[in-house]
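Everything on this sheet refers to the single structure shown next.
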Amino acid sequence: MKEQTESVRRKKGHISYAKWGYIFILPFFITFLIFQFIPLCSTIYYSFFEYFRSGLTIIGPKFIGLANYAKIFQTDLPKYFGNTLLLWFVGFVPQIIISVLLAAWFTNLRLNLKCQGFFKTVIYMPNLIMAAAFAMLFFQLFFDNGPVNASLMSMGLIKQPVRFLETVGGTRSLIALMNFLMWFGNTTILLMAAIMGIDTSLYEAAEIDGATSNQMFWRITMPLIKPIMAFVVVTSLIGGLQMFDVPQILTNGQGTPDRTSTTMVMYINNHMYSKNYGVAGAVSTILFIVCAVLCVIVYFCINDEREPRNTREKKAKKEKRRA
Amino acid sequence: MRRKTTQVAALTLTAAMALSFVGCSGGSGSSSTAQNAAKESTSSASTEQAEGKVLNIWCWNDEFQGRFNTYYPEVASVSDDKTTTTLKNGITVKWTINPNEHNNYQNKLDQALMQQESTETDKKIDMFLMEADYALKYANSDFSLDVKKDVGLTDDDLSEQYQYTQDIVTSKDGAIKGVSWQATPGVFAYRRSYAKDILGTDDPEKVQEQLSDWDKFDAAAQKAKTKGYYMLSGFDDSYRTFSNNVSSPWVTGTTVTVDPMIMKWVEQTKTYTDKGYNHKATGLFDCQQWTADQGPDSKVFGFFYSTWGVNFTLEGNSLKTPVAEGGKEEAGNGAFGDWAICTGPANYYWGGTWLTACKGTDNMATIKDVMQKLTCDKDIMKKVTSDTLDYTNNKSAMTELANSDFKSDFLGGQNPLKSFTEAAPKINMSNNTAYDQGCNEAMQTQFADYFNGTIDLAKAKTNFEQSIKETYPEITEVKWPS
């Protein structure tokens, strides 16, 4: 045994396997550098400039310090940020509840649901449709003379067509509903993978100890899927803050009514009409910072038990010593 | 969706194949033209020899492409997928069509123009099309060429065109940068059967009497409402009738001035919406309800439309079975034949397409010929109008047709050219600016919320200011009429 490891070590001295590792991850870093990092830096750089097109004339770039930032904070930026978070939150809450529930049912050995493959495929299906196409579909369904209104009227539930897209609540609910439908399947499958990774002997032991299924869910399943949960929340939040295609298509790029469904990225897009790299860059930079900060907060909130546990253990050790 | 992607991929591949074939045939064609050139050398070979083999034309829909393929006398053949047209002199016309929605056409065009200098000659844009709302943006740039000095059209060529069609594309320095084959006076198109019910007559002259000013128009709207009809379809229907009659330009320096006429539109539309005189369609061409309202089953009395709107848009929308599905353009198919037009309460124009030669072109002779034939040639102009009802930009040809027994089946036998020839010379476009498109769009979209009752007038004004400053960062101030 010892000889073997030594021979491996000796070989390693001659041929560096680590080199291959670096070579394999190199393409990612090159692409990241060219298509993500450099644009990111230039976005931040240009956010300090006056730089746009007036007709076919390019104005700038002229350094103006923080004027772009001052300008967007004086206008509606906080409003659009609020819109974005609200739209994400309203869609995410039902999504995570339904997903946890479905994941728990699908993995429950006692329930042993039939046709799981079928259900999993069906709930994942909406995610396969392009967001833009999905939004277009909803637009067709819910517009004033659309099939939803027509069927509601023929059932006698309403007399006048409901103008879903002209009311704040209607538009926002539709956007949230779409995001929910598109992503709950994906989340369910992630959470199922997390639950299936839990050692079944824990459940068996709990059952022998007389734990109810409710107790098992809250005391075993939930704590053990926390890392995946953190991942789900963080990715969903990043996706939510960058929400664009669904409200853009549903409201025909206007963020109507009264700009209440205008998200941060739609706001950036508004500035691209005049190729306003300065202001759009400033909004992007703020979005980037907010994303980063929120993600760090969410990550530590959900993974906070590591530290308390350490301190708890230390305390216990200290107490032992004292004793 | 996937099917669509496959179709698009297939189309692209076919286009690529077709192009490569064209490339081959172009090669063999050039040798035969070289032989012919010897025979023709006396006539026009000297200019043709210097020309590039590809004429790139940029546009946003197939309207001009259709006119070109049908009426330009030099067309030899059109490829099956319509992406290219071959001319008799061997030049291939390559069509680049980018739809207009969300400024897409201008974005792509601007991008291409910026790279025009560094592009190889056969890929350079030779000619591009533009609309009135943003024509000055291009007319004031160096990318558009002077139709007289650079292209070589003479005053004589242009003498029969309506003055306003030249005003719209006249640059700061007074150069005419484009020509149009159409003049687009606006009219009010109405359903004949509804007119009988509401106004007691469907005769265009008598209907005009009852709609000749806004007070009468409002009274008619009231009557329409009591009979169960809508006077107009949506919010933006009457917009142009007001926005074309403003007393000052949208933008001077960095200040946007909202004209009192525009606020009259706001006032009228709010009243119509609250009283139920319109069908609350929001937006125009991308609004399904607006399109459906022009169909056979609608209860909408009429539409403010200009020349092209009647023959290009309204006619298609009014059919029960569309032409694409085998429907015929004849009475009995939907509302075909149940329409008529009158001048309406105000003179206005709407839309129109201008051809512009692009800086860096290597096909000047062909472009000159295209412009002459398709915008200045009286016989061709006359033929286009009698075939398609498109009102062409040639005063004498139009007057002749207006006084002839020309009639339109779609308009129930009416000769629409009478209304058009009366309205066309009254159009005054001295107040247009390069900002019109953005201002008009912002006005229509931001005030829709006000008409719907979601926000109050003050908020709508703030939203408009916000929106216009996003669109044009150089704008510093917005002035409202007191």
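Labels used: A, B, ... for chains in the order of the structure tokens, numbers from 1 for residues in each chain, and numbers from 1 for ligands as shown.
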Note to self: Using DSSP assignments from the backbone, pull out every residue in range 98-180 of chain A that falls under helix (DSSP H, G or I) and give it to me as a PyMOL selection string.
What the structure shows: chain A and resi 98-107+116-128+131-142+147-154+164-166+168-180
Would you write out, as a tab-separated table, a table of all residues in chain B that have an atom no more than 7 Å from an atom of chain A, listing for each the closest atom pair and the distance in Å to one decimal, considering only C-alpha atoms and ordering rows by chain and rising residue number?
residue	atom	partner	partner_atom	distance
B:Lys137	CA	A:Gly55	CA	5.4
B:Ser141	CA	A:Leu56	CA	6.9
B:Asp449	CA	A:Pro257	CA	5.8
B:Ile455	CA	A:Asp258	CA	7.0
B:Glu470	CA	A:His271	CA	5.5
B:Thr471	CA	A:Tyr273	CA	5.8
B:Tyr472	CA	A:Ser274	CA	6.3
Notebook entry, point to check: Skipping near chain neighbours, those fewer than 5 positions away, what residues fall within 10 Å of His279 in chain B using only C-alpha atoms, listed as a list in words?
Noted result: Tyr229, Tyr230, Met231, Leu232, Ser233, Gly234, Phe235, Tyr272, Thr273, Gln289, Trp290, Asp293, Ser298, Lys299 and Val300 of chain B
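Between CA of Glu315 in chain B and CA of Phe410 in chain B lies a distance of 7.2 Å.
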If you count only C-alpha atoms, which residues fall within 10 Å of Glu422 in chain B, apart from same-chain ones fewer than 5 positions away, as a PDB file with N, CA and C atoms, in the first residue's frame?
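Result file out-v3.pdb:
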ATOM      1  N   PRO B 185     -52.585  61.847 -48.043  1.00  0.00           N
ATOM      2  CA  PRO B 185     -53.613  62.614 -47.362  1.00  0.00           C
ATOM      3  C   PRO B 185     -54.523  61.685 -46.558  1.00  0.00           C
ATOM      4  N   THR B 343     -63.733  63.337 -46.301  1.00  0.00           N
ATOM      5  CA  THR B 343     -62.583  64.099 -45.805  1.00  0.00           C
ATOM      6  C   THR B 343     -62.527  64.125 -44.283  1.00  0.00           C
ATOM      7  N   ASN B 347     -58.016  68.271 -41.900  1.00  0.00           N
ATOM      8  CA  ASN B 347     -57.045  67.813 -42.890  1.00  0.00           C
ATOM      9  C   ASN B 347     -55.825  67.268 -42.167  1.00  0.00           C
ATOM     10  N   THR B 399     -55.118  64.043 -60.664  1.00  0.00           N
ATOM     11  CA  THR B 399     -56.261  64.862 -61.075  1.00  0.00           C
ATOM     12  C   THR B 399     -56.991  64.206 -62.232  1.00  0.00           C
ATOM     13  N   ALA B 402     -58.958  61.393 -60.817  1.00  0.00           N
ATOM     14  CA  ALA B 402     -60.051  61.865 -59.965  1.00  0.00           C
ATOM     15  C   ALA B 402     -61.247  62.294 -60.812  1.00  0.00           C
ATOM     16  N   LEU B 417     -60.415  59.085 -55.169  1.00  0.00           N
ATOM     17  CA  LEU B 417     -59.367  60.036 -55.504  1.00  0.00           C
ATOM     18  C   LEU B 417     -59.844  61.474 -55.393  1.00  0.00           C
TER      19      LEU B 417
END
Next item on the list: Tell me, as an MDAnalysis selection string, which residues lie within 12 Å of Gly344 in chain B, counting only C-alpha atoms; anything in the same chain fewer than 6 positions away does not count.
Entry: chainID B and resid 185:190 204:218 220 238 241 302:306 419:420 422:423
For range 172-182 of chain A, please output as a short mmCIF file (atom, residue, chain, number, x, y, z; two decimals) with C-alpha atoms, in the first residue's frame all residues within 7 Å (counting only C-alpha atoms; exclusion window: fewer than 6 positions along the same chain).
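Wrote it out as out.cif, contents follow:
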data_model
loop_
_atom_site.label_atom_id
_atom_site.label_comp_id
_atom_site.auth_asym_id
_atom_site.auth_seq_id
_atom_site.Cartn_x
_atom_site.Cartn_y
_atom_site.Cartn_z
CA LEU A 87 -43.02 40.80 -8.93
CA TRP A 88 -40.37 38.28 -7.93
CA VAL A 90 -45.33 37.34 -5.40
CA GLY A 91 -44.28 34.64 -7.85
CA PHE A 92 -41.69 33.03 -5.61
CA GLN A 95 -43.54 28.57 -6.11
CA PRO A 126 -43.66 25.10 -18.91
CA ASN A 127 -39.96 25.70 -18.35
CA VAL A 246 -42.23 38.13 -19.39
CA PRO A 247 -43.33 41.68 -18.43
CA SER A 261 -44.75 46.50 -14.15
#
